[in-house]
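A.B. asks: As input, take structure_11.txt (compact mmCIF, C-alpha atoms):
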# COMPACT_ATOMS: atom_id res chain seq x y z
CA MET A 251 -8.69 -2.52 14.59
CA ILE A 252 -5.25 -4.08 13.97
CA ALA A 253 -6.85 -7.46 13.21
CA THR A 254 -9.19 -5.86 10.66
CA LEU A 255 -6.32 -3.97 9.06
CA ALA A 256 -4.33 -7.21 8.80
CA ILE A 257 -7.31 -8.94 7.16
CA ILE A 258 -7.80 -6.12 4.64
CA LEU A 259 -4.08 -5.90 3.84
CA SER A 260 -3.98 -9.68 3.32
CA PHE A 261 -6.78 -9.42 0.75
CA GLN A 262 -4.89 -6.62 -1.00
CA LEU A 263 -1.70 -8.69 -0.96
CA VAL A 264 -3.39 -11.72 -2.49
CA GLY A 265 -5.12 -9.41 -4.99
CA GLU A 266 -1.80 -7.82 -6.05
CA VAL A 267 -0.14 -11.21 -6.48
CA ALA A 268 -3.11 -12.60 -8.45
CA SER A 269 -3.35 -9.47 -10.64
CA ARG A 270 0.33 -9.72 -11.60
CA ALA A 271 0.62 -13.51 -11.79
CA LEU A 272 -2.47 -13.91 -13.98
CA ASP A 273 -1.89 -10.65 -15.90
CA LEU A 274 -5.43 -9.43 -15.09
CA PRO A 275 -6.72 -6.10 -16.47
CA LEU A 276 -7.81 -5.11 -12.93
CA PRO A 277 -5.43 -3.55 -10.39
CA GLY A 278 -4.59 -5.60 -7.27
CA PRO A 279 -6.83 -3.73 -4.79
CA VAL A 280 -9.87 -4.28 -7.06
CA VAL A 281 -9.08 -8.02 -7.18
CA GLY A 282 -8.77 -7.87 -3.37
CA LEU A 283 -12.22 -6.21 -3.21
CA LEU A 284 -13.78 -9.02 -5.25
CA LEU A 285 -12.06 -11.66 -3.10
CA LEU A 286 -13.36 -9.93 0.05
CA VAL A 287 -16.94 -10.00 -1.27
CA GLY A 288 -16.57 -13.69 -2.18
CA THR A 289 -15.17 -14.56 1.24
CA CYS A 290 -17.96 -12.63 3.02
CA ILE A 291 -20.55 -14.62 1.02
CA ALA A 292 -18.91 -17.88 2.05
CA ARG A 293 -18.38 -16.78 5.67
CA PRO A 294 -20.79 -14.02 6.77
CA ALA A 295 -19.15 -13.91 10.22
CA LEU A 296 -16.14 -12.19 8.60
CA ALA A 297 -18.29 -9.25 7.47
CA ASP A 298 -19.56 -8.63 11.02
CA ARG A 299 -16.06 -8.86 12.41
CA ILE A 300 -14.48 -6.29 10.10
CA ARG A 301 -17.50 -3.95 9.83
CA PRO A 302 -16.71 -1.33 12.53
CA THR A 303 -13.14 -0.54 11.42
CA THR A 304 -13.90 -0.92 7.71
CA MET A 305 -16.83 1.48 7.74
CA GLY A 306 -14.71 3.90 9.78
CA LEU A 307 -12.05 3.72 7.08
CA LEU A 308 -14.59 4.42 4.33
CA GLN A 309 -16.01 7.41 6.21
CA HIS A 310 -12.66 9.09 5.55
CA LEU A 311 -12.09 7.81 2.02
CA SER A 312 -11.56 11.44 0.92
CA LEU A 313 -8.41 11.76 3.06
CA PHE A 314 -6.52 9.18 1.04
CA PHE A 315 -6.82 11.22 -2.17
CA VAL A 316 -5.17 14.30 -0.68
CA PRO A 317 -1.47 13.42 -1.33
CA ALA A 318 -2.10 12.60 -5.00
CA GLY A 319 -4.31 15.69 -5.26
CA VAL A 320 -1.49 17.97 -4.13
CA GLY A 321 0.30 16.62 -7.23
CA ILE A 322 -2.06 18.76 -9.33
CA VAL A 323 -0.01 21.71 -8.13
CA ALA A 324 3.19 20.04 -9.33
CA HIS A 325 1.71 19.87 -12.85
CA TRP A 326 0.27 23.34 -12.79
CA GLU A 327 2.19 24.63 -15.81
CA LEU A 328 1.14 21.70 -17.97
CA LEU A 329 -2.49 22.26 -17.01
CA ARG A 330 -2.28 26.02 -17.50
CA ASP A 331 -1.00 25.65 -21.07
CA HIS A 332 -4.23 23.96 -22.14
CA GLY A 333 -6.27 25.47 -19.33
CA LEU A 334 -9.51 26.52 -20.97
CA GLY A 335 -9.90 23.51 -23.26
CA LEU A 336 -9.14 21.01 -20.51
CA ALA A 337 -11.40 22.78 -18.00
CA LEU A 338 -14.35 22.83 -20.39
CA ALA A 339 -13.75 19.22 -21.47
CA LEU A 340 -13.55 18.02 -17.85
CA ALA A 341 -16.52 20.01 -16.60
CA GLY A 342 -18.73 19.40 -19.63
CA SER A 343 -18.09 15.69 -19.93
CA THR A 344 -18.49 15.10 -16.19
CA VAL A 345 -21.86 16.88 -16.07
CA LEU A 346 -23.05 15.00 -19.18
CA ALA A 347 -21.79 11.61 -17.94
CA ILE A 348 -23.34 11.89 -14.46
CA GLY A 349 -26.65 13.17 -15.83
CA ALA A 350 -26.92 10.69 -18.72
CA GLY A 351 -25.74 7.75 -16.58
CA ALA A 352 -28.24 8.47 -13.78
CA LEU A 353 -31.14 8.97 -16.21
CA ALA A 354 -30.27 5.76 -18.10
CA PHE A 355 -30.18 3.90 -14.77
CA THR A 356 -33.59 5.14 -13.61
CA ALA A 357 -35.21 4.70 -17.06
CA VAL A 358 -34.13 1.05 -17.27
CA ALA A 359 -35.06 0.48 -13.61
CA ARG A 360 -38.59 1.63 -14.48
CA LEU A 361 -38.73 -0.50 -17.66
CA ALA A 362 -37.37 -3.62 -15.98
CA GLY A 363 -39.57 -3.13 -12.91
CA SER A 364 -36.49 -3.17 -10.67
CA GLU A 365 -37.20 0.01 -8.74
CA ASP A 366 -36.28 -0.09 -5.05
CA PRO A 367 -38.59 1.90 -2.74
CA THR A 368 -36.12 1.45 0.15
CA ALA A 369 -33.44 3.43 -1.69
CA ILE A 370 -35.24 6.68 -2.48
CA LYS A 371 -33.93 10.06 -1.42
CA GLY A 372 -36.39 11.73 0.93
CA ARG A 373 -37.34 15.39 1.03
CA GLY A 374 -35.34 16.02 4.19
CA ASP A 375 -32.13 14.36 2.95
CA GLU A 376 -29.16 16.31 1.67
CA MET B 180 17.53 27.53 22.46
CA SER B 181 18.53 25.87 19.24
CA ASP B 182 18.62 27.64 15.87
CA PRO B 183 15.16 27.57 14.21
CA LEU B 184 16.87 26.90 10.89
CA LEU B 185 18.39 23.72 12.32
CA ILE B 186 14.99 22.57 13.53
CA TRP B 187 13.51 23.34 10.11
CA SER B 188 16.24 21.43 8.29
CA TYR B 189 15.56 18.45 10.57
CA LEU B 190 11.80 18.60 9.96
CA SER B 191 12.11 19.13 6.22
CA GLU B 192 14.10 15.91 5.85
CA GLY B 193 11.79 13.47 7.64
CA PRO B 194 8.23 12.39 6.91
CA LEU B 195 6.81 13.70 10.22
CA LEU B 196 6.06 17.27 9.13
CA TRP B 197 4.19 16.55 5.89
CA LEU B 198 2.37 13.53 7.26
CA THR B 199 1.06 15.69 10.10
CA ALA B 200 0.28 18.56 7.75
CA THR B 201 -1.73 16.26 5.48
CA LEU B 202 -3.86 14.96 8.35
CA VAL B 203 -4.39 18.43 9.82
CA ALA B 204 -5.26 19.94 6.40
CA TYR B 205 -7.82 17.16 5.89
CA LEU B 206 -9.31 17.72 9.37
CA ILE B 207 -9.64 21.44 8.61
CA GLY B 208 -11.29 20.58 5.27
CA ASP B 209 -13.61 18.12 7.00
CA ALA B 210 -14.49 20.68 9.71
CA ALA B 211 -15.28 23.28 7.02
CA PHE B 212 -17.42 20.68 5.25
CA ARG B 213 -19.40 20.03 8.45
CA ALA B 214 -19.65 23.75 9.23
CA SER B 215 -21.16 24.31 5.77
CA LYS B 216 -23.88 21.78 6.76
CA ARG B 217 -22.21 19.17 4.50
CA LYS B 218 -22.65 21.15 1.31
CA SER B 219 -20.91 19.60 -1.68
CA TRP B 220 -18.99 22.75 -2.69
CA ALA B 221 -17.09 22.60 0.61
CA ASN B 222 -15.32 19.46 -0.62
CA PRO B 223 -12.78 18.37 2.05
CA VAL B 224 -10.29 17.05 -0.55
CA MET B 225 -10.28 20.35 -2.42
CA ILE B 226 -9.88 22.42 0.76
CA ALA B 227 -7.02 20.20 2.02
CA ILE B 228 -5.23 20.36 -1.35
CA ILE B 229 -5.45 24.16 -1.47
CA LEU B 230 -4.14 24.49 2.11
CA LEU B 231 -1.23 22.12 1.46
CA ALA B 232 -0.40 23.73 -1.89
CA LEU B 233 -0.18 27.11 -0.14
CA MET B 234 2.07 25.60 2.55
CA LEU B 235 4.38 24.10 -0.09
CA LEU B 236 4.51 27.43 -1.89
CA VAL B 237 5.25 29.47 1.23
CA THR B 238 7.95 27.09 2.51
CA GLY B 239 9.45 26.50 -0.95
CA THR B 240 9.02 22.74 -0.61
CA ASP B 241 8.84 20.62 -3.76
CA TYR B 242 6.21 17.93 -4.34
CA ALA B 243 8.69 15.03 -4.08
CA THR B 244 9.70 16.13 -0.56
CA TYR B 245 6.06 16.53 0.43
CA PHE B 246 5.21 13.07 -0.92
CA GLU B 247 7.98 11.46 1.20
CA GLY B 248 5.80 12.21 4.21
CA ALA B 249 2.37 11.97 2.61
CA GLN B 250 3.00 8.57 1.02
CA PHE B 251 1.74 6.81 4.16
CA VAL B 252 -1.67 8.39 3.63
CA HIS B 253 -1.48 7.71 -0.12
CA PHE B 254 -0.76 4.05 0.60
CA MET B 255 -4.14 3.72 2.33
CA LEU B 256 -5.91 4.09 -1.05
CA GLY B 257 -5.23 0.39 -1.67
CA PRO B 258 -6.72 -0.96 1.58
CA ALA B 259 -9.62 1.51 1.25
CA THR B 260 -10.38 0.07 -2.21
CA VAL B 261 -10.44 -3.44 -0.73
CA ALA B 262 -12.69 -2.12 2.06
CA LEU B 263 -15.29 -1.08 -0.55
CA GLY B 264 -16.04 -4.81 -0.76
CA LEU B 265 -17.91 -4.67 2.55
CA PRO B 266 -20.68 -2.21 1.59
CA LEU B 267 -20.87 -4.07 -1.71
CA TYR B 268 -21.47 -7.32 0.21
CA ASP B 269 -23.99 -5.62 2.52
CA ASN B 270 -25.93 -4.35 -0.52
CA LEU B 271 -25.77 -7.58 -2.56
CA PRO B 272 -29.56 -8.19 -2.59
CA ARG B 273 -30.01 -4.64 -3.92
CA VAL B 274 -27.19 -5.10 -6.44
CA ARG B 275 -28.65 -8.36 -7.83
CA LYS B 276 -31.97 -6.60 -8.32
CA ALA B 277 -30.33 -3.71 -10.18
CA ALA B 278 -28.30 -5.62 -12.80
CA TRP B 279 -30.08 -4.16 -15.86
CA PRO B 280 -30.20 -0.55 -14.64
CA MET B 281 -26.50 -0.81 -13.74
CA LEU B 282 -25.63 -2.12 -17.19
CA ALA B 283 -27.49 0.80 -18.80
CA GLY B 284 -25.96 3.37 -16.46
CA LEU B 285 -22.49 1.93 -17.07
CA LEU B 286 -22.67 1.83 -20.87
CA VAL B 287 -24.20 5.33 -21.15
CA GLY B 288 -22.14 6.99 -18.38
CA SER B 289 -18.83 5.52 -19.46
CA SER B 290 -19.14 6.21 -23.18
CA VAL B 291 -20.54 9.72 -22.65
CA ALA B 292 -17.63 10.51 -20.29
CA VAL B 293 -14.99 9.49 -22.85
CA VAL B 294 -16.62 10.68 -26.08
CA SER B 295 -17.86 14.06 -24.84
CA ALA B 296 -14.51 14.87 -23.21
CA LEU B 297 -12.65 14.11 -26.44
CA ALA B 298 -15.22 15.97 -28.58
CA ILE B 299 -15.07 19.14 -26.45
CA ALA B 300 -11.28 19.09 -26.16
CA LYS B 301 -10.76 18.42 -29.87
CA SER B 302 -13.11 21.25 -30.85
CA LEU B 303 -11.01 23.59 -28.66
CA GLY B 304 -7.81 22.61 -30.45
CA ILE B 305 -6.39 20.01 -28.06
CA GLN B 306 -4.69 17.09 -29.75
CA GLY B 307 -1.93 14.51 -29.58
CA SER B 308 -0.66 13.30 -26.24
CA VAL B 309 -2.81 15.74 -24.24
CA LEU B 310 -5.94 14.31 -25.89
CA ALA B 311 -4.75 10.78 -25.09
CA SER B 312 -4.10 11.82 -21.47
CA LEU B 313 -7.66 13.12 -21.21
CA ALA B 314 -9.47 10.03 -22.55
CA PRO B 315 -9.43 7.87 -19.37
CA LYS B 316 -9.95 10.74 -16.85
CA SER B 317 -13.16 9.31 -15.34
CA THR B 318 -11.41 6.08 -14.32
CA THR B 319 -9.71 5.41 -10.99
CA ALA B 320 -6.12 6.75 -11.07
CA PRO B 321 -4.01 3.54 -11.29
CA VAL B 322 -6.15 2.18 -14.14
CA ALA B 323 -6.34 5.58 -15.91
CA ILE B 324 -2.55 5.91 -15.89
CA GLY B 325 -2.18 2.42 -17.40
CA ILE B 326 -4.68 3.26 -20.16
CA ALA B 327 -3.08 6.64 -20.91
CA GLU B 328 0.37 5.05 -21.23
CA ARG B 329 -0.94 2.55 -23.76
CA LEU B 330 -2.59 5.38 -25.76
CA GLY B 331 0.57 7.52 -25.83
CA GLY B 332 -0.61 9.99 -23.18
CA GLN B 333 1.36 11.62 -20.36
CA PRO B 334 0.81 9.64 -17.12
CA THR B 335 1.39 12.56 -14.74
CA LEU B 336 -1.02 14.80 -16.67
CA THR B 337 -3.59 11.98 -16.60
CA ALA B 338 -3.23 11.69 -12.81
CA ALA B 339 -3.92 15.42 -12.39
CA LEU B 340 -6.90 15.29 -14.78
CA VAL B 341 -8.32 12.23 -12.97
CA LEU B 342 -8.20 14.06 -9.63
CA LEU B 343 -9.70 17.26 -11.02
CA THR B 344 -12.52 15.24 -12.59
CA GLY B 345 -13.17 13.51 -9.26
CA ILE B 346 -13.31 16.76 -7.30
CA PHE B 347 -15.54 18.45 -9.87
CA GLY B 348 -17.86 15.43 -10.04
CA ALA B 349 -18.12 15.24 -6.25
CA ILE B 350 -19.06 18.94 -6.09
CA ILE B 351 -21.55 18.94 -8.96
CA VAL B 352 -23.37 15.62 -8.39
CA THR B 353 -25.85 16.72 -5.71
CA PRO B 354 -27.17 19.94 -7.34
CA LEU B 355 -27.11 18.31 -10.81
CA LEU B 356 -29.14 15.23 -9.88
CA ASP B 357 -31.49 17.29 -7.70
CA ALA B 358 -32.18 19.47 -10.75
CA LEU B 359 -32.80 16.35 -12.87
CA ARG B 360 -35.07 14.99 -10.10
CA VAL B 361 -33.20 11.71 -9.77
CA THR B 362 -34.22 10.47 -6.30
CA ASP B 363 -32.98 6.86 -6.61
CA TRP B 364 -29.91 6.54 -4.33
CA ARG B 365 -28.67 3.66 -6.45
CA ALA B 366 -28.70 5.77 -9.63
CA ARG B 367 -27.19 8.79 -7.85
CA GLY B 368 -24.31 6.75 -6.44
CA PHE B 369 -23.72 4.60 -9.49
CA SER B 370 -23.52 7.50 -11.96
CA VAL B 371 -21.04 9.47 -9.84
CA GLY B 372 -18.88 6.36 -9.39
CA VAL B 373 -18.76 5.86 -13.16
CA ALA B 374 -18.03 9.52 -13.96
CA ALA B 375 -15.92 10.58 -10.96
CA HIS B 376 -14.34 7.35 -9.57
CA GLY B 377 -13.12 7.27 -5.93
CA ILE B 378 -13.56 10.94 -5.05
CA GLY B 379 -17.15 10.72 -6.29
CA THR B 380 -17.52 7.53 -4.23
CA ALA B 381 -16.16 9.29 -1.13
CA ARG B 382 -18.82 11.98 -1.64
CA ALA B 383 -21.51 9.31 -2.06
CA PHE B 384 -20.52 7.68 1.24
CA GLN B 385 -20.81 11.05 3.00
CA VAL B 386 -24.45 11.21 1.94
CA ASN B 387 -25.89 7.68 1.89
CA GLU B 388 -24.48 4.19 2.37
CA THR B 389 -26.44 2.60 -0.49
CA ALA B 390 -25.29 5.40 -2.81
CA GLY B 391 -21.72 4.72 -1.65
CA ALA B 392 -21.97 0.99 -2.35
CA PHE B 393 -23.36 1.55 -5.85
CA SER B 394 -20.76 4.24 -6.50
CA GLY B 395 -17.99 1.78 -5.66
CA ILE B 396 -19.45 -0.73 -8.11
CA GLY B 397 -19.75 1.94 -10.82
CA MET B 398 -16.12 2.92 -10.31
CA GLY B 399 -14.93 -0.70 -10.57
CA LEU B 400 -16.99 -1.55 -13.66
CA ASN B 401 -15.98 1.67 -15.42
CA ALA B 402 -12.30 0.88 -14.88
CA VAL B 403 -12.78 -2.22 -17.02
CA LEU B 404 -15.05 -0.63 -19.66
CA THR B 405 -12.92 2.50 -20.19
CA ALA B 406 -9.94 0.28 -21.00
CA ILE B 407 -12.00 -0.96 -23.96
CA ILE B 408 -13.80 2.27 -24.97
CA ALA B 409 -10.95 4.81 -24.70
CA PRO B 410 -8.70 3.43 -27.50
CA VAL B 411 -11.67 3.14 -29.88
CA ALA B 412 -12.93 6.66 -29.12
CA LEU B 413 -9.46 8.14 -29.44
CA ARG B 414 -9.02 6.60 -32.88
CA LEU B 415 -12.41 8.05 -33.81
CA PHE B 416 -11.16 11.53 -32.92
CA GLY B 417 -7.87 10.93 -34.67
CA GLY B 418 -5.82 11.40 -31.48
Please go through the file and, once you have read it, give me the structure as structure tokens.
C.D. replies:
Amino acid sequence: MIATLAIILSFQLVGEVASRALDLPLPGPVVGLLLLVGTCIARPALADRIRPTTMGLLQHLSLFFVPAGVGIVAHWELLRDHGLGLALALAGSTVLAIGAGALAFTAVARLAGSEDPTAIKGRGDE
Amino acid sequence: MSDPLLIWSYLSEGPLLWLTATLVAYLIGDAAFRASKRKSWANPVMIAIILLALMLLVTGTDYATYFEGAQFVHFMLGPATVALGLPLYDNLPRVRKAAWPMLAGLLVGSSVAVVSALAIAKSLGIQGSVLASLAPKSTTAPVAIGIAERLGGQPTLTAALVLLTGIFGAIIVTPLLDALRVTDWRARGFSVGVAAHGIGTARAFQVNETAGAFSGIGMGLNAVLTAIIAPVALRLFGG
């Protein structure tokens, strides 16, 4: 677990340095993500080594958003002032974006013949 | 026995109390999520935030004090983002096969997210810096804040709007895409990653690993595209 954490933090560190040094439009952790994928392609053994701890970390991805989320409360007055407009804009645009994005994806998958029968939601799934 | 007020003043100064509270609130949220048979409305992030907000209110603690303790959990967002590289690697054959559908889903999802949010807000009388704060709300928080600053928005308002968008997207995605009969896990994950960033991706991972991998890709690609689309759309709406 500690070894995996050290590996992941090292990728983040290199990503942060690269993002700042090269003035990239992507934040450091995203650069670290890309570097991790590249390294796993070059050395597949790394993927197997970090898999247990990494997948455990991702199972609880929600947890890491909680501290920033509590910040919503700190900005409550600001949000309340424009409450209705912001709520409708957020809710409406999110529904439209998810729906339109998913339909565009499946329509083009059908057109391009790149459907994937191994990635279909079954009747019993959530 | 020592004065309870002394114990409280000790606890309220160090990170121990709010770090513990954050983990416990999340575990309660997660337990409620499981007890609801993993229904999306029992979102563990939302439950934990409500519990912690009530605790802050009752104890009269301000957010800065809370964050002193919770920052250790917050810090893990960075490593968790790097960790998204592993499911991406594991799904590479699938990802290569889905290049065109992803491009379509990205262009449509990203532009609809920005344009429809600005159109609805503008028609309800929102303008100026609040409109600029709203434009990048589907993007992952660090990128959204950077975009909002460049557009003349308010970074803290953007952060709150980003999180609310993520929670709403994570709650709505399952019933919405069931109603639209979208059964492709790749499309389900990808679209929620584009529209509802990391919180949407966390929801996708709870349901299906392929959906989670595609959601992570959608989130990453949208971070780049929104940086380009948001300024153009905002000018269009005269923000």
A.B. asks: Around all the atoms of stretch 338-347 of chain A listed in the file, draw an axis-aligned box and extend it by 5 Å on each of the six sides; I want its centre and edge lengths in Å to one decimal, as lines of an AutoDock Vina configuration file.
C.D. replies:
center_x = -18.3
center_y = 17.2
center_z = -18.8
size_x = 19.5
size_y = 21.2
size_z = 15.4
A.B. asks: Under the rule that only C-alpha atoms are counted, which of A:Ala341, A:Ala347, A:Val358, A:Ala318 is the nearest residue to B:Leu231?
C.D. replies: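 Ranking A:Ala341, A:Ala347, A:Val358, A:Ala318 by distance to B:Leu231, first place goes to A:Ala318.
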A.B. asks: Choose the residue, out of B:Trp364, B:Phe384, B:Tyr189, B:Tyr242, that has the smallest atom-to-atom separation from A:Trp326; count only C-alpha atoms.
C.D. replies: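 Selected residue with least distance to A:Trp326: B:Tyr242.
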A.B. asks: In Å, with one decimal, what is the gap from atom CA of A:Arg293 to atom CA of B:Leu263?
C.D. replies: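 We find that atom CA of A:Arg293 and atom CA of B:Leu263 lie 17.2 Å from each other.
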A.B. asks: Within 6 Å of chain A, which residues of chain B show up? Give each one with its shortest atom-to-atom distance in Å (one decimal) and the two atoms involved, counting only C-alpha atoms, rows by chain then rising residue number, as a tab-separated table.
C.D. replies:
residue	atom	partner	partner_atom	distance
B:Val224	CA	A:Val316	CA	5.8
B:Ile228	CA	A:Val320	CA	5.2
B:Ala249	CA	A:Pro317	CA	5.7
B:Val252	CA	A:Phe314	CA	5.6
B:His253	CA	A:Phe314	CA	5.4
B:Leu256	CA	A:Phe314	CA	5.5
B:Gly257	CA	A:Pro279	CA	5.4
B:Thr260	CA	A:Pro279	CA	5.8
B:Val261	CA	A:Leu283	CA	4.1
B:Ala262	CA	A:Thr304	CA	5.9
B:Gly264	CA	A:Leu283	CA	4.7
B:Tyr268	CA	A:Val287	CA	5.5
B:Pro280	CA	A:Phe355	CA	4.5
B:Ala283	CA	A:Ala354	CA	5.7
B:Gly284	CA	A:Gly351	CA	4.4
B:Val287	CA	A:Gly351	CA	5.4
B:Gly288	CA	A:Gly351	CA	4.1
B:Val291	CA	A:Ala347	CA	5.2
B:Ala292	CA	A:Ala347	CA	4.9
B:Ser295	CA	A:Ser343	CA	5.2
B:Ala296	CA	A:Ala339	CA	4.7
B:Ile299	CA	A:Ala339	CA	5.2
B:Ala300	CA	A:Ala339	CA	5.3
B:Leu303	CA	A:Gly335	CA	5.5
B:Ala339	CA	A:Ile322	CA	4.9
B:Thr362	CA	A:Lys371	CA	4.9
B:Asp363	CA	A:Ile370	CA	4.7
B:Trp364	CA	A:Ala369	CA	5.4
B:Ala366	CA	A:Ala352	CA	5.0
B:Ser370	CA	A:Ile348	CA	5.1
B:Val371	CA	A:Ile348	CA	5.7
B:Ala374	CA	A:Ile348	CA	5.8
B:Ala381	CA	A:Leu311	CA	5.4
A.B. asks: Might you pull out every residue within 8 Å of B:Ile326, with only C-alpha atoms counted and same-chain residues fewer than 3 positions away left off, and present them as an NGL selection string?
C.D. replies: :B and (315 or 322-323 or 329-330 or 406 or 409)
A.B. asks: If I take atom CA of B:Ile305 and atom CA of A:Asp331, how far is one from the other in Å, to one decimal?
C.D. replies: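 If I compute the distance from atom CA of B:Ile305 to atom CA of A:Asp331, I get 10.5 Å.
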A.B. asks: What would the list of residues within 9 Å of (-10.3, 2.7, -20.8) (file frame) look like as a PDB file with C-alpha atoms, in the coordinates of the input, if only C-alpha atoms are what count?
C.D. replies:
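Once everything was written out, this is result-v6.pdb:
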ATOM      1  CA  VAL B 293     -14.990   9.490 -22.850  1.00  0.00           C
ATOM      2  CA  ALA B 314      -9.470  10.030 -22.550  1.00  0.00           C
ATOM      3  CA  PRO B 315      -9.430   7.870 -19.370  1.00  0.00           C
ATOM      4  CA  LYS B 316      -9.950  10.740 -16.850  1.00  0.00           C
ATOM      5  CA  THR B 318     -11.410   6.080 -14.320  1.00  0.00           C
ATOM      6  CA  VAL B 322      -6.150   2.180 -14.140  1.00  0.00           C
ATOM      7  CA  ALA B 323      -6.340   5.580 -15.910  1.00  0.00           C
ATOM      8  CA  GLY B 325      -2.180   2.420 -17.400  1.00  0.00           C
ATOM      9  CA  ILE B 326      -4.680   3.260 -20.160  1.00  0.00           C
ATOM     10  CA  ALA B 327      -3.080   6.640 -20.910  1.00  0.00           C
ATOM     11  CA  ASN B 401     -15.980   1.670 -15.420  1.00  0.00           C
ATOM     12  CA  ALA B 402     -12.300   0.880 -14.880  1.00  0.00           C
ATOM     13  CA  VAL B 403     -12.780  -2.220 -17.020  1.00  0.00           C
ATOM     14  CA  LEU B 404     -15.050  -0.630 -19.660  1.00  0.00           C
ATOM     15  CA  THR B 405     -12.920   2.500 -20.190  1.00  0.00           C
ATOM     16  CA  ALA B 406      -9.940   0.280 -21.000  1.00  0.00           C
ATOM     17  CA  ILE B 407     -12.000  -0.960 -23.960  1.00  0.00           C
ATOM     18  CA  ILE B 408     -13.800   2.270 -24.970  1.00  0.00           C
ATOM     19  CA  ALA B 409     -10.950   4.810 -24.700  1.00  0.00           C
ATOM     20  CA  PRO B 410      -8.700   3.430 -27.500  1.00  0.00           C
TER      21      PRO B 410
END
A.B. asks: Which value, in Å to one decimal, gives the distance between atom CA of B:Ile396 and atom CA of B:Leu267?
C.D. replies: 7.4 Å
A.B. asks: List as a list of chain:residue names the protein and nucleic acid residues near B:Ser394, meaning an atom at most 7 Å away when only C-alpha atoms are counted, but skip any in the same chain fewer than 4 places from it.
C.D. replies: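 Contacts, with the query itself left out: B:Gly368, B:Phe369, B:Ser370, B:Val371, B:Gly372, B:Thr380, B:Ala383, B:Ala390, B:Met398.
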A.B. asks: Just the residues within 8 Å of B:Ser191, please, counting only C-alpha atoms, with nothing from its chain fewer than 4 positions along; format it as an mmCIF file with C-alpha atoms, in the frame of the given file.
C.D. replies:
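Output saved as selection.cif:
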data_model
loop_
_atom_site.group_PDB
_atom_site.id
_atom_site.type_symbol
_atom_site.label_atom_id
_atom_site.label_comp_id
_atom_site.auth_asym_id
_atom_site.auth_seq_id
_atom_site.Cartn_x
_atom_site.Cartn_y
_atom_site.Cartn_z
ATOM 1 C CA TRP B 187 13.510 23.340 10.110
ATOM 2 C CA LEU B 196 6.060 17.270 9.130
ATOM 3 C CA THR B 244 9.700 16.130 -0.560
#
A.B. asks: Take stretch 258-298 of chain A from the preceding structure and save C-alpha atoms as a JSON list (two decimals), in the first residue's frame.
C.D. replies:
[["chain", "number", "residue", "atom", "x", "y", "z"],
["A", 258, "ILE", "CA", 1.19, 7.51, -7.42],
["A", 259, "LEU", "CA", 2.49, 10.55, -5.54],
["A", 260, "SER", "CA", 5.66, 10.47, -7.65],
["A", 261, "PHE", "CA", 3.59, 10.61, -10.83],
["A", 262, "GLN", "CA", 1.62, 13.53, -9.41],
["A", 263, "LEU", "CA", 4.85, 15.29, -8.44],
["A", 264, "VAL", "CA", 6.35, 14.91, -11.91],
["A", 265, "GLY", "CA", 2.99, 15.98, -13.39],
["A", 266, "GLU", "CA", 2.87, 19.15, -11.26],
["A", 267, "VAL", "CA", 6.44, 20.07, -12.16],
["A", 268, "ALA", "CA", 5.84, 19.42, -15.88],
["A", 269, "SER", "CA", 2.53, 21.33, -15.87],
["A", 270, "ARG", "CA", 4.18, 24.41, -14.34],
["A", 271, "ALA", "CA", 7.53, 24.21, -16.13],
["A", 272, "LEU", "CA", 5.97, 23.78, -19.58],
["A", 273, "ASP", "CA", 2.98, 26.05, -18.84],
["A", 274, "LEU", "CA", 0.52, 23.31, -19.90],
["A", 275, "PRO", "CA", -3.25, 23.96, -19.92],
["A", 276, "LEU", "CA", -3.77, 20.74, -17.90],
["A", 277, "PRO", "CA", -3.46, 20.62, -14.09],
["A", 278, "GLY", "CA", -0.58, 18.55, -12.63],
["A", 279, "PRO", "CA", -2.63, 15.51, -11.54],
["A", 280, "VAL", "CA", -4.05, 15.14, -15.09],
["A", 281, "VAL", "CA", -0.51, 15.22, -16.51],
["A", 282, "GLY", "CA", 0.39, 12.60, -13.87],
["A", 283, "LEU", "CA", -2.56, 10.48, -15.06],
["A", 284, "LEU", "CA", -1.31, 10.58, -18.66],
["A", 285, "LEU", "CA", 2.24, 9.73, -17.55],
["A", 286, "LEU", "CA", 0.89, 6.78, -15.54],
["A", 287, "VAL", "CA", -0.96, 5.43, -18.58],
["A", 288, "GLY", "CA", 2.17, 5.83, -20.72],
["A", 289, "THR", "CA", 4.35, 4.06, -18.16],
["A", 290, "CYS", "CA", 1.84, 1.19, -17.81],
["A", 291, "ILE", "CA", 1.91, 0.72, -21.62],
["A", 292, "ALA", "CA", 5.71, 0.56, -21.56],
["A", 293, "ARG", "CA", 5.84, -1.64, -18.44],
["A", 294, "PRO", "CA", 2.63, -3.64, -17.88],
["A", 295, "ALA", "CA", 4.08, -5.13, -14.67],
["A", 296, "LEU", "CA", 3.57, -1.73, -13.00],
["A", 297, "ALA", "CA", -0.19, -1.88, -13.59],
["A", 298, "ASP", "CA", -0.47, -5.27, -11.84]]
